[in-house]
file structure.csv (CSV, C-alpha atoms and all ligand atoms)
chain,number,residue,atom,x,y,z
A,1,MET,CA,-184.5,-63.4,166.7
A,2,VAL,CA,-185.5,-59.9,165.5
A,3,ILE,CA,-189.0,-58.7,165.0
A,4,VAL,CA,-189.1,-55.9,162.4
A,5,MET,CA,-192.2,-53.8,162.8
A,6,LYS,CA,-193.9,-52.0,159.9
A,7,PRO,CA,-193.0,-48.4,159.4
A,8,LYS,CA,-196.5,-47.4,160.4
A,9,ALA,CA,-196.7,-49.6,163.5
A,10,THR,CA,-198.3,-47.8,166.4
A,11,LYS,CA,-197.1,-47.6,170.0
A,12,GLU,CA,-200.0,-50.0,170.9
A,13,ASP,CA,-198.8,-52.5,168.3
A,14,ILE,CA,-195.3,-52.4,169.8
A,15,LYS,CA,-196.7,-52.7,173.3
A,16,GLY,CA,-198.8,-55.7,172.2
A,17,VAL,CA,-195.7,-57.5,170.9
A,18,GLU,CA,-193.7,-56.6,174.0
A,19,ASP,CA,-196.4,-57.9,176.3
A,20,LEU,CA,-196.6,-61.2,174.5
A,21,LEU,CA,-192.8,-61.6,174.7
A,22,ARG,CA,-192.7,-60.7,178.4
A,23,SER,CA,-195.5,-63.0,179.2
A,24,LEU,CA,-193.3,-65.8,177.9
A,25,ASN,CA,-190.3,-64.6,180.0
A,26,LEU,CA,-188.3,-63.8,176.9
A,27,GLY,CA,-185.7,-61.0,176.9
A,28,VAL,CA,-187.0,-57.9,175.0
A,29,HIS,CA,-184.7,-55.2,173.6
A,30,ILE,CA,-186.5,-52.5,171.7
A,31,SER,CA,-184.6,-50.3,169.3
A,32,SER,CA,-186.5,-47.4,167.7
A,33,GLY,CA,-184.9,-46.3,164.5
A,34,SER,CA,-185.8,-43.3,162.4
A,35,GLU,CA,-187.9,-45.5,160.0
A,36,ARG,CA,-189.1,-48.3,162.1
A,37,THR,CA,-188.9,-50.1,165.4
A,38,ILE,CA,-187.0,-53.4,165.7
A,39,ILE,CA,-187.6,-55.7,168.7
A,40,GLY,CA,-184.8,-58.1,169.6
A,41,VAL,CA,-185.9,-61.3,171.4
A,42,ILE,CA,-183.5,-63.2,173.6
A,43,GLY,CA,-184.4,-66.7,174.8
A,44,ASP,CA,-185.8,-69.9,173.5
A,45,LYS,CA,-187.8,-68.9,170.4
A,46,ARG,CA,-189.6,-72.3,170.4
A,47,LEU,CA,-191.8,-70.7,173.1
A,48,LEU,CA,-193.3,-68.5,170.3
A,49,ALA,CA,-194.3,-71.5,168.1
A,50,ASP,CA,-197.9,-71.5,169.2
A,51,THR,CA,-198.4,-67.7,169.3
A,52,PRO,CA,-199.9,-65.4,166.6
A,53,LEU,CA,-196.8,-63.3,166.6
A,54,GLU,CA,-196.3,-63.1,162.8
A,55,LEU,CA,-200.0,-62.0,162.4
A,56,MET,CA,-200.0,-59.4,165.1
A,57,PRO,CA,-200.8,-55.8,164.1
A,58,GLY,CA,-197.8,-53.8,163.1
A,59,VAL,CA,-195.5,-56.9,162.7
A,60,ASP,CA,-193.7,-56.9,159.3
A,61,ARG,CA,-191.4,-59.9,159.5
A,62,LEU,CA,-189.3,-62.1,161.8
A,63,ILE,CA,-185.6,-62.5,161.2
A,64,PRO,CA,-183.5,-65.2,162.9
A,65,ILE,CA,-180.1,-64.0,164.1
A,66,VAL,CA,-177.7,-66.7,163.2
A,67,GLU,CA,-174.6,-65.2,164.9
A,68,PRO,CA,-174.0,-66.3,168.6
A,69,TYR,CA,-174.0,-62.7,169.6
A,70,LYS,CA,-177.4,-61.0,169.2
A,71,LEU,CA,-177.7,-57.5,170.8
A,72,VAL,CA,-174.3,-56.5,169.4
A,73,SER,CA,-175.2,-57.5,165.8
A,74,ARG,CA,-176.1,-55.2,163.0
A,75,ALA,CA,-179.2,-57.4,162.3
A,76,PHE,CA,-180.5,-56.5,165.7
A,77,LYS,CA,-179.9,-52.8,165.2
A,78,PRO,CA,-179.3,-51.6,161.7
A,79,GLU,CA,-178.3,-48.0,162.6
A,80,ASN,CA,-174.9,-47.1,164.0
A,81,THR,CA,-174.8,-46.7,167.7
A,82,VAL,CA,-173.6,-43.2,168.5
A,83,LEU,CA,-172.6,-42.7,172.2
A,84,ASN,CA,-172.8,-39.4,173.8
A,85,ILE,CA,-170.3,-39.0,176.6
A,86,LYS,CA,-170.5,-35.7,178.4
A,87,GLY,CA,-171.8,-34.1,175.2
A,88,VAL,CA,-169.1,-35.6,172.9
A,89,GLU,CA,-170.2,-38.2,170.4
A,90,ILE,CA,-168.4,-41.4,169.5
A,91,GLY,CA,-169.6,-43.3,166.5
A,92,GLY,CA,-171.1,-40.4,164.6
A,93,LYS,CA,-169.5,-37.9,162.1
A,94,GLN,CA,-166.7,-36.9,164.5
A,95,ILE,CA,-163.5,-38.8,164.8
A,96,ALA,CA,-162.6,-39.4,168.5
A,97,VAL,CA,-159.0,-39.0,169.6
A,98,ILE,CA,-158.2,-40.5,172.9
A,99,ALA,CA,-154.7,-39.7,174.0
A,100,GLY,CA,-152.4,-39.7,177.0
A,101,PRO,CA,-149.8,-41.7,178.8
A,102,CYS,CA,-149.8,-45.5,179.0
A,103,ALA,CA,-149.5,-45.1,182.8
A,104,VAL,CA,-150.3,-42.3,185.2
A,105,GLU,CA,-146.9,-41.6,186.8
A,106,SER,CA,-147.3,-38.2,188.4
A,107,GLU,CA,-149.5,-35.2,188.7
A,108,ASP,CA,-147.0,-33.2,186.6
A,109,GLN,CA,-146.8,-35.7,183.8
A,110,VAL,CA,-150.6,-36.1,183.5
A,111,LEU,CA,-151.4,-32.4,183.8
A,112,SER,CA,-148.8,-31.2,181.4
A,113,THR,CA,-150.0,-33.8,178.9
A,114,ALA,CA,-153.7,-32.9,179.4
A,115,ARG,CA,-153.0,-29.2,178.9
A,116,PHE,CA,-151.1,-29.9,175.7
A,117,LEU,CA,-153.9,-32.2,174.4
A,118,LYS,CA,-156.5,-29.7,175.2
A,119,SER,CA,-154.6,-27.0,173.3
A,120,LEU,CA,-154.9,-29.2,170.2
A,121,GLY,CA,-158.6,-29.7,170.5
A,122,VAL,CA,-158.4,-33.3,171.9
A,123,ARG,CA,-161.5,-34.3,174.0
A,124,PHE,CA,-160.4,-37.5,175.7
A,125,LEU,CA,-157.5,-38.2,178.1
A,126,ARG,CA,-156.3,-41.7,178.8
A,127,GLY,CA,-154.0,-42.9,181.6
A,128,GLY,CA,-153.6,-46.3,183.2
A,129,ALA,CA,-153.8,-46.5,187.0
A,130,TYR,CA,-153.9,-50.3,187.1
A,131,LYS,CA,-151.3,-51.7,184.8
A,132,PRO,CA,-151.5,-55.4,183.8
A,133,ARG,CA,-147.8,-55.9,183.1
A,134,THR,CA,-146.2,-59.0,181.7
A,135,SER,CA,-143.6,-59.0,184.5
A,136,PRO,CA,-144.5,-58.7,188.2
A,137,TYR,CA,-141.4,-56.6,188.6
A,138,SER,CA,-142.5,-53.9,186.2
A,139,PHE,CA,-144.4,-50.8,187.4
A,140,GLN,CA,-147.9,-51.8,188.3
A,141,GLY,CA,-149.6,-48.4,188.4
A,142,LEU,CA,-150.5,-45.9,191.1
A,143,GLU,CA,-154.0,-47.4,191.5
A,144,GLU,CA,-156.4,-45.1,193.4
A,145,ASP,CA,-153.8,-42.3,193.6
A,146,GLY,CA,-153.5,-42.5,189.8
A,147,LEU,CA,-157.3,-42.2,189.3
A,148,LYS,CA,-157.3,-39.1,191.5
A,149,ILE,CA,-154.6,-37.5,189.3
A,150,LEU,CA,-156.7,-38.3,186.2
A,151,ALA,CA,-159.8,-36.9,187.9
A,152,ALA,CA,-158.0,-33.7,188.8
A,153,ALA,CA,-156.7,-33.3,185.2
A,154,GLY,CA,-160.2,-33.9,183.9
A,155,LYS,CA,-161.6,-31.3,186.2
A,156,GLU,CA,-159.0,-28.7,185.2
A,157,THR,CA,-159.1,-29.2,181.5
A,158,GLY,CA,-162.6,-30.5,180.9
A,159,LEU,CA,-161.2,-33.5,179.1
A,160,ILE,CA,-163.2,-36.8,179.3
A,161,THR,CA,-161.1,-39.3,181.3
A,162,VAL,CA,-160.5,-43.0,180.5
A,163,SER,CA,-158.7,-45.6,182.6
A,164,GLU,CA,-158.3,-49.4,182.6
A,165,ILE,CA,-159.9,-51.5,185.2
A,166,VAL,CA,-158.7,-55.0,186.1
A,167,SER,CA,-161.2,-56.2,188.8
A,168,ALA,CA,-164.6,-55.5,190.3
A,169,GLU,CA,-162.8,-53.5,193.0
A,170,SER,CA,-161.0,-51.3,190.5
A,171,LEU,CA,-164.2,-50.8,188.5
A,172,HIS,CA,-166.1,-49.4,191.5
A,173,LEU,CA,-163.2,-47.1,192.4
A,174,ALA,CA,-162.8,-46.0,188.8
A,175,GLU,CA,-166.5,-45.1,188.7
A,176,LYS,CA,-165.9,-42.5,191.3
A,177,TYR,CA,-163.1,-40.8,189.5
A,178,VAL,CA,-163.3,-41.2,185.7
A,179,ASP,CA,-165.8,-40.9,182.9
A,180,MET,CA,-165.1,-44.0,181.0
A,181,ILE,CA,-163.3,-47.3,181.6
A,182,GLN,CA,-161.2,-49.6,179.5
A,183,ILE,CA,-161.3,-53.4,179.6
A,184,GLY,CA,-157.8,-54.4,178.4
A,185,ALA,CA,-156.8,-57.1,175.9
A,186,ARG,CA,-155.8,-59.5,178.7
A,187,ASN,CA,-159.3,-59.3,180.3
A,188,MET,CA,-161.4,-59.4,177.2
A,189,GLN,CA,-162.5,-62.9,178.2
A,190,ASN,CA,-162.7,-62.4,181.9
A,191,PHE,CA,-166.4,-63.2,181.8
A,192,HIS,CA,-167.1,-62.4,185.5
A,193,LEU,CA,-165.5,-59.0,185.1
A,194,LEU,CA,-167.5,-58.5,181.9
A,195,LYS,CA,-170.7,-59.2,183.8
A,196,GLU,CA,-169.8,-56.8,186.5
A,197,VAL,CA,-169.0,-54.0,184.0
A,198,GLY,CA,-172.3,-54.9,182.2
A,199,ARG,CA,-174.2,-54.2,185.4
A,200,SER,CA,-172.6,-50.7,185.5
A,201,ARG,CA,-173.6,-48.0,183.0
A,202,ILE,CA,-170.2,-46.5,182.6
A,203,PRO,CA,-169.0,-46.2,179.0
A,204,VAL,CA,-166.5,-49.0,178.2
A,205,ILE,CA,-163.7,-49.3,175.7
A,206,LEU,CA,-163.5,-53.1,175.1
A,207,LYS,CA,-160.2,-54.0,173.6
A,208,ARG,CA,-159.8,-57.0,171.4
A,209,GLY,CA,-157.9,-59.9,173.1
A,210,LEU,CA,-154.4,-60.7,172.1
A,211,SER,CA,-155.5,-63.8,170.3
A,212,ALA,CA,-159.2,-63.3,170.1
A,213,THR,CA,-161.2,-63.9,166.9
A,214,ILE,CA,-163.6,-61.2,165.8
A,215,GLU,CA,-166.5,-63.5,166.9
A,216,GLU,CA,-165.0,-63.9,170.4
A,217,TRP,CA,-164.5,-60.2,170.7
A,218,LEU,CA,-168.1,-59.5,169.7
A,219,ASN,CA,-169.3,-62.2,172.2
A,220,ALA,CA,-167.4,-60.3,174.9
A,221,ALA,CA,-169.3,-57.2,174.0
A,222,GLU,CA,-172.5,-59.3,174.1
A,223,TYR,CA,-171.7,-60.1,177.8
A,224,LEU,CA,-171.7,-56.4,178.6
A,225,MET,CA,-174.9,-55.7,176.6
A,226,ASN,CA,-176.7,-58.7,178.0
A,227,GLU,CA,-176.3,-57.2,181.5
A,228,GLY,CA,-177.7,-53.9,180.2
A,229,ASN,CA,-174.6,-51.8,179.5
A,230,TYR,CA,-175.0,-50.5,176.0
A,231,ASN,CA,-172.3,-47.9,176.2
A,232,ILE,CA,-169.6,-49.9,174.4
A,233,ILE,CA,-166.7,-48.9,172.1
A,234,LEU,CA,-164.8,-51.7,170.5
A,235,CYS,CA,-161.1,-51.2,170.1
A,236,GLU,CA,-158.8,-53.1,167.7
A,237,ARG,CA,-155.4,-53.1,169.4
A,238,GLY,CA,-153.5,-55.7,167.4
A,239,ILE,CA,-153.3,-59.5,167.6
A,240,ARG,CA,-150.4,-62.0,168.0
A,241,THR,CA,-149.1,-63.3,164.8
A,242,PHE,CA,-145.7,-64.9,163.8
A,243,GLU,CA,-144.3,-61.3,163.1
A,244,THR,CA,-142.0,-60.1,165.9
A,245,TYR,CA,-140.7,-56.9,164.3
A,246,THR,CA,-143.9,-55.2,165.5
A,247,ARG,CA,-145.3,-55.8,169.0
A,248,ASN,CA,-148.6,-57.0,167.6
A,249,THR,CA,-150.2,-57.0,164.1
A,250,LEU,CA,-152.8,-54.3,163.9
A,251,ASP,CA,-155.7,-56.1,162.1
A,252,LEU,CA,-157.0,-53.2,160.1
A,253,SER,CA,-159.4,-55.5,158.3
A,254,SER,CA,-161.3,-56.1,161.5
A,255,ILE,CA,-162.5,-52.5,161.4
A,256,PRO,CA,-164.7,-52.7,158.3
A,257,ALA,CA,-165.6,-56.3,159.3
A,258,VAL,CA,-166.8,-55.3,162.7
A,259,LYS,CA,-168.6,-52.3,161.2
A,260,GLU,CA,-170.5,-54.7,159.0
A,261,LEU,CA,-171.3,-57.2,161.7
A,262,SER,CA,-172.1,-54.8,164.5
A,263,HIS,CA,-173.7,-51.4,165.1
A,264,LEU,CA,-171.1,-50.4,167.8
A,265,PRO,CA,-168.5,-47.8,167.4
A,266,VAL,CA,-165.0,-49.1,166.6
A,267,ILE,CA,-161.7,-47.4,167.3
A,268,ALA,CA,-158.1,-48.5,166.8
A,269,ASP,CA,-155.0,-48.5,169.1
A,270,PRO,CA,-152.0,-48.2,166.8
A,271,SER,CA,-149.7,-47.8,169.9
A,272,HIS,CA,-150.2,-51.3,171.2
A,273,GLY,CA,-151.0,-52.4,167.7
A,274,THR,CA,-147.4,-51.7,166.5
A,275,GLY,CA,-145.2,-51.1,169.6
A,276,LYS,CA,-143.2,-48.6,167.7
A,277,TRP,CA,-143.9,-44.8,167.8
A,278,LYS,CA,-142.8,-44.3,164.2
A,279,LEU,CA,-145.6,-46.5,163.0
A,280,VAL,CA,-148.3,-44.9,165.1
A,281,THR,CA,-149.1,-42.0,162.8
A,282,PRO,CA,-149.2,-44.0,159.5
A,283,MET,CA,-151.4,-46.7,161.2
A,284,SER,CA,-153.7,-44.1,162.6
A,285,ARG,CA,-154.2,-42.7,159.1
A,286,ALA,CA,-154.9,-46.2,157.8
A,287,ALA,CA,-157.3,-47.0,160.6
A,288,ILE,CA,-159.4,-43.8,160.0
A,289,ALA,CA,-159.3,-44.6,156.3
A,290,ALA,CA,-160.6,-48.1,157.0
A,291,GLY,CA,-163.6,-46.6,158.8
A,292,ALA,CA,-162.5,-46.4,162.5
A,293,ASP,CA,-164.5,-44.0,164.6
A,294,GLY,CA,-161.4,-42.9,166.4
A,295,VAL,CA,-158.0,-43.8,167.7
A,296,ILE,CA,-156.5,-44.2,171.1
A,297,VAL,CA,-152.9,-43.2,171.2
A,298,GLU,CA,-150.1,-43.1,173.9
A,299,VAL,CA,-148.5,-39.7,174.4
A,300,HIS,CA,-145.8,-38.9,176.9
A,301,PRO,CA,-144.0,-35.6,177.6
A,302,CYS,CA,-140.7,-37.6,177.5
A,303,PRO,CA,-141.2,-41.1,176.1
A,304,ASN,CA,-137.6,-42.1,176.9
A,305,ALA,CA,-138.3,-41.7,180.6
A,306,ALA,CA,-141.8,-43.4,180.5
A,307,MET,CA,-142.4,-46.0,183.1
A,308,SER,CA,-144.3,-48.1,180.6
A,309,ASP,CA,-144.6,-48.4,176.8
A,310,GLY,CA,-142.1,-45.6,176.1
A,311,PRO,CA,-141.0,-47.1,172.7
A,312,GLN,CA,-144.6,-46.8,171.4
A,313,SER,CA,-145.4,-43.4,172.9
A,314,LEU,CA,-145.5,-40.2,170.8
A,315,ASN,CA,-143.9,-37.0,172.2
A,316,PHE,CA,-145.9,-33.8,171.9
A,317,GLU,CA,-144.4,-32.8,168.6
A,318,SER,CA,-145.1,-36.2,166.8
A,319,PHE,CA,-148.6,-36.2,168.3
A,320,SER,CA,-149.3,-32.8,166.9
A,321,GLY,CA,-148.2,-34.1,163.5
A,322,LEU,CA,-150.6,-37.1,163.9
A,323,MET,CA,-153.5,-34.7,164.5
A,324,THR,CA,-152.8,-32.7,161.3
A,325,GLU,CA,-152.5,-35.9,159.3
A,326,ILE,CA,-155.7,-37.6,160.5
A,327,LYS,CA,-157.6,-34.3,160.1
A,328,SER,CA,-157.0,-34.4,156.4
A,329,ILE,CA,-158.0,-38.1,156.1
A,330,ALA,CA,-161.2,-37.3,158.1
A,331,GLY,CA,-162.0,-34.5,155.7
A,332,ILE,CA,-161.7,-36.7,152.7
A,333,LEU,CA,-164.1,-39.1,154.3
A,334,GLY,CA,-166.6,-36.4,155.1
A,335,ARG,CA,-165.9,-36.7,158.8
A,336,GLU,CA,-164.6,-34.2,161.3
A,337,LEU,CA,-161.9,-34.1,163.9
B,401,LIG,C1,-153.0,-50.0,177.5
B,401,LIG,O1,-154.0,-49.4,176.9
B,401,LIG,O2,-152.1,-49.4,178.1
B,401,LIG,C2,-153.0,-51.4,177.5
B,401,LIG,C3,-152.5,-52.2,178.5
B,401,LIG,O3,-153.7,-51.9,176.4
B,401,LIG,P1,-154.0,-53.5,176.0
B,401,LIG,O4,-154.9,-54.0,177.0
B,401,LIG,O5,-154.5,-53.3,174.6
B,401,LIG,O6,-152.6,-54.2,176.0
B,402,MN,MN,-149.7,-49.2,177.2
call {"tool": "encode", "arguments": {"input": "structure.csv", "output": "structure tokens"}}
result
Amino acid sequence: MVIVMKPKATKEDIKGVEDLLRSLNLGVHISSGSERTIIGVIGDKRLLADTPLELMPGVDRLIPIVEPYKLVSRAFKPENTVLNIKGVEIGGKQIAVIAGPCAVESEDQVLSTARFLKSLGVRFLRGGAYKPRTSPYSFQGLEEDGLKILAAAGKETGLITVSEIVSAESLHLAEKYVDMIQIGARNMQNFHLLKEVGRSRIPVILKRGLSATIEEWLNAAEYLMNEGNYNIILCERGIRTFETYTRNTLDLSSIPAVKELSHLPVIADPSHGTGKWKLVTPMSRAAIAAGADGVIVEVHPCPNAAMSDGPQSLNFESFSGLMTEIKSIAGILGREL
């Protein structure tokens, strides 16, 4: 349930409601908007039946949240969440471009990519150190050495670094080296991992599961928020359908749908969403046009030699074309790149 306070509610009014809720051991999440404060209540609302809640000073109205996810929902927080990661916003006017190789392979590969990205004005560098591969015989990632390479590239270029974690152990290592983490599609419903990441405060890109519904995806985000980590970016990365020409089907409709259902920033991953580098730029344009707050794109100095996801990786030249194209779409929408 959400308690909407009157625009003129005082700090004391808000405190009065908060005290009542806490005295009943209910979860309280206060969100102060520019107009009014909204108080989210988590727990058994029957406990409130015999209380004067509706009549308390400053209380405007009570709204039940019908969705199974609460903290994540737009009803709970009407304004967009704008994350500030090392001074760079995600979810506001600016379109975030997160780029870099699928996997960290070497210092040379990551540094040359980072320098190139930086020269184009990109702010975020991705690179996988723990690779959840379909086959156990495929390259599994450099693990901690990979995180160290990313950290060094971040230090030299000032780029904000992102890497996927696959376990509690890799999360705690990643926290030492990178600025943000990614929960991959395969782990979207690894509920124990979600709880562990929820107890951290590191910003998280939460990818949509390969066959997850929008509701399941938002519930996964609820796991993170319920533990106190509010720094979440949702990422549409394509879902399994009957189509095999593309690696996945990038569900562009989920972007405006999630924007309506939730206040969290949403980005798109057209690299995994299509599996084909030629489709990455058109689908990036489409994702931005559909309202995405950014894109995460795989870029490699030499895609043919990549140790993972070469066929969907852009080389430097194509990536620079992508930047030009999404800049003009961003402009039309009144956003910036
Ligand atoms: C990746 O970003 O390289 C990755 C493995 O993504 P996903 O979890 O979406 O498959
Ligand atoms: Mn990849």
call {"tool": "closest_residue", "arguments": {"input": "structure.csv", "among": "A:Leu173, A:Leu71, A:Ala99, A:Leu218", "to": "Tyr230 of chain A", "atoms": "all atoms listed in the file"}}
result
A:Leu71
call {"tool": "residues_near_ligand", "arguments": {"input": "structure.csv", "ligand": "ligand LIG 401 (chain B)", "cutoff": "8 Å", "atoms": "only C-alpha atoms and all ligand atoms", "output": "ChimeraX atom specification"}}
result
/A:102-103,127-128,131-133,164,182-187,207-210,237-238,269,272-273,298,309
call {"tool": "closest_residue", "arguments": {"input": "structure.csv", "among": "A:Met323, A:Val280, A:Lys45, A:Thr161", "to": "Ser119 of chain A", "atoms": "only C-alpha atoms"}}
result
A:Met323
call {"tool": "closest_residue", "arguments": {"input": "structure.csv", "among": "A:Thr37, A:Ser138, A:Thr157, A:Gln312", "to": "ligand MN 402 (chain B)", "atoms": "only C-alpha atoms and all ligand atoms"}}
result
A:Gln312
call {"tool": "residues_around", "arguments": {"input": "structure.csv", "residues": "segment 282-290 of chain A", "least_positions_apart": "3", "cutoff": "6 Å", "atoms": "only C-alpha atoms", "output": "ChimeraX atom specification"}}
result
/A:270,279,326
call {"tool": "residues_around", "arguments": {"input": "structure.csv", "residues": "His192 of chain A", "least_positions_apart": "4", "cutoff": "12 Å", "atoms": "only C-alpha atoms", "output": "mmCIF file with C-alpha atoms, in the coordinates of the input"}}
result
data_model
loop_
_atom_site.group_PDB
_atom_site.id
_atom_site.type_symbol
_atom_site.label_atom_id
_atom_site.label_comp_id
_atom_site.auth_asym_id
_atom_site.auth_seq_id
_atom_site.Cartn_x
_atom_site.Cartn_y
_atom_site.Cartn_z
ATOM 1 C CA VAL A 166 -158.700 -55.000 186.100
ATOM 2 C CA SER A 167 -161.200 -56.200 188.800
ATOM 3 C CA ALA A 168 -164.600 -55.500 190.300
ATOM 4 C CA ASN A 187 -159.300 -59.300 180.300
ATOM 5 C CA MET A 188 -161.400 -59.400 177.200
ATOM 6 C CA GLU A 196 -169.800 -56.800 186.500
ATOM 7 C CA VAL A 197 -169.000 -54.000 184.000
ATOM 8 C CA GLY A 198 -172.300 -54.900 182.200
ATOM 9 C CA ARG A 199 -174.200 -54.200 185.400
ATOM 10 C CA ALA A 220 -167.400 -60.300 174.900
ATOM 11 C CA TYR A 223 -171.700 -60.100 177.800
ATOM 12 C CA LEU A 224 -171.700 -56.400 178.600
ATOM 13 C CA GLU A 227 -176.300 -57.200 181.500
#
call {"tool": "atom_distance", "arguments": {"input": "structure.csv", "atom1": "atom CA of Ala9 of chain A", "atom2": "atom CA of Asp44 of chain A"}}
result
25.1 Å
call {"tool": "closest_residue", "arguments": {"input": "structure.csv", "among": "A:Glu107, A:Gln140, A:Arg240, A:Thr213", "to": "ligand MN 402 (chain B)", "atoms": "all atoms listed in the file"}}
result
A:Gln140
call {"tool": "closest_residue", "arguments": {"input": "structure.csv", "among": "A:Gly40, A:Gly154, A:Pro303, A:Pro265", "to": "ligand MN 402 (chain B)", "atoms": "only C-alpha atoms and all ligand atoms"}}
result
A:Pro303
call {"tool": "closest_residue", "arguments": {"input": "structure.csv", "among": "A:Val41, A:Ala306, A:Leu83, A:Leu206", "to": "ligand MN 402 (chain B)", "atoms": "only C-alpha atoms and all ligand atoms"}}
result
A:Ala306
call {"tool": "residues_near_point", "arguments": {"input": "structure.csv", "point": "(-160.6, -49.6, 161.1)", "cutoff": "9 Å", "atoms": "all atoms listed in the file", "output": "number ranges by chain"}}
result
A: 236, 251-259, 266-268, 284, 286-294
call {"tool": "atom_distance", "arguments": {"input": "structure.csv", "atom1": "atom CA of Arg123 of chain A", "atom2": "atom CA of Gly321 of chain A"}}
result
16.9 Å
call {"tool": "atom_distance", "arguments": {"input": "structure.csv", "atom1": "atom CA of Asp19 of chain A", "atom2": "atom CA of Leu62 of chain A"}}
result
16.7 Å
call {"tool": "residues_around", "arguments": {"input": "structure.csv", "residues": "Pro78 of chain A", "least_positions_apart": "4", "cutoff": "9 Å", "atoms": "all atoms listed in the file", "output": "list in words"}}
result
Gly33, Ile38, Ser73, Arg74, Ser262 and His263 of chain A
call {"tool": "decode", "arguments": {"input": "structure.csv", "residues": "segment 85-97 of chain A", "atoms": "N, CA, C and O atoms", "output": "PDB file, in the first residue's frame"}}
result
ATOM      1  N   ILE A  85      25.906   8.048 -10.829  1.00  0.00           N
ATOM      2  CA  ILE A  85      27.041   7.158 -10.635  1.00  0.00           C
ATOM      3  C   ILE A  85      28.312   7.935 -10.940  1.00  0.00           C
ATOM      4  O   ILE A  85      28.530   8.322 -12.084  1.00  0.00           O
ATOM      5  N   LYS A  86      29.065   8.195  -9.915  1.00  0.00           N
ATOM      6  CA  LYS A  86      30.291   9.007 -10.025  1.00  0.00           C
ATOM      7  C   LYS A  86      30.051  10.286 -10.830  1.00  0.00           C
ATOM      8  O   LYS A  86      30.821  10.616 -11.746  1.00  0.00           O
ATOM      9  N   GLY A  87      28.939  10.945 -10.536  1.00  0.00           N
ATOM     10  CA  GLY A  87      28.653  12.224 -11.188  1.00  0.00           C
ATOM     11  C   GLY A  87      27.952  12.114 -12.535  1.00  0.00           C
ATOM     12  O   GLY A  87      27.599  13.123 -13.135  1.00  0.00           O
ATOM     13  N   VAL A  88      27.734  10.899 -13.025  1.00  0.00           N
ATOM     14  CA  VAL A  88      27.035  10.734 -14.308  1.00  0.00           C
ATOM     15  C   VAL A  88      25.646  10.156 -14.048  1.00  0.00           C
ATOM     16  O   VAL A  88      25.506   9.161 -13.327  1.00  0.00           O
ATOM     17  N   GLU A  89      24.633  10.813 -14.638  1.00  0.00           N
ATOM     18  CA  GLU A  89      23.256  10.375 -14.368  1.00  0.00           C
ATOM     19  C   GLU A  89      22.780   9.309 -15.353  1.00  0.00           C
ATOM     20  O   GLU A  89      23.109   9.348 -16.530  1.00  0.00           O
ATOM     21  N   ILE A  90      21.983   8.384 -14.827  1.00  0.00           N
ATOM     22  CA  ILE A  90      21.280   7.419 -15.697  1.00  0.00           C
ATOM     23  C   ILE A  90      19.803   7.498 -15.330  1.00  0.00           C
ATOM     24  O   ILE A  90      19.440   7.408 -14.160  1.00  0.00           O
ATOM     25  N   GLY A  91      18.956   7.700 -16.351  1.00  0.00           N
ATOM     26  CA  GLY A  91      17.516   7.789 -16.092  1.00  0.00           C
ATOM     27  C   GLY A  91      17.013   9.218 -16.207  1.00  0.00           C
ATOM     28  O   GLY A  91      15.823   9.474 -16.094  1.00  0.00           O
ATOM     29  N   GLY A  92      17.914  10.164 -16.436  1.00  0.00           N
ATOM     30  CA  GLY A  92      17.517  11.566 -16.606  1.00  0.00           C
ATOM     31  C   GLY A  92      17.512  11.938 -18.084  1.00  0.00           C
ATOM     32  O   GLY A  92      17.174  11.120 -18.942  1.00  0.00           O
ATOM     33  N   LYS A  93      17.915  13.165 -18.370  1.00  0.00           N
ATOM     34  CA  LYS A  93      17.861  13.654 -19.747  1.00  0.00           C
ATOM     35  C   LYS A  93      18.908  12.966 -20.642  1.00  0.00           C
ATOM     36  O   LYS A  93      18.706  12.722 -21.828  1.00  0.00           O
ATOM     37  N   GLN A  94      20.023  12.634 -20.016  1.00  0.00           N
ATOM     38  CA  GLN A  94      21.150  12.088 -20.775  1.00  0.00           C
ATOM     39  C   GLN A  94      20.966  10.601 -21.113  1.00  0.00           C
ATOM     40  O   GLN A  94      20.549   9.820 -20.254  1.00  0.00           O
ATOM     41  N   ILE A  95      21.284  10.247 -22.339  1.00  0.00           N
ATOM     42  CA  ILE A  95      21.267   8.842 -22.760  1.00  0.00           C
ATOM     43  C   ILE A  95      22.606   8.224 -22.350  1.00  0.00           C
ATOM     44  O   ILE A  95      23.665   8.762 -22.680  1.00  0.00           O
ATOM     45  N   ALA A  96      22.551   7.095 -21.650  1.00  0.00           N
ATOM     46  CA  ALA A  96      23.801   6.440 -21.220  1.00  0.00           C
ATOM     47  C   ALA A  96      24.238   5.435 -22.290  1.00  0.00           C
ATOM     48  O   ALA A  96      23.428   4.636 -22.766  1.00  0.00           O
ATOM     49  N   VAL A  97      25.505   5.506 -22.650  1.00  0.00           N
ATOM     50  CA  VAL A  97      26.048   4.491 -23.559  1.00  0.00           C
ATOM     51  C   VAL A  97      27.111   3.722 -22.778  1.00  0.00           C
ATOM     52  O   VAL A  97      28.067   4.304 -22.283  1.00  0.00           O
TER      53      VAL A  97
END
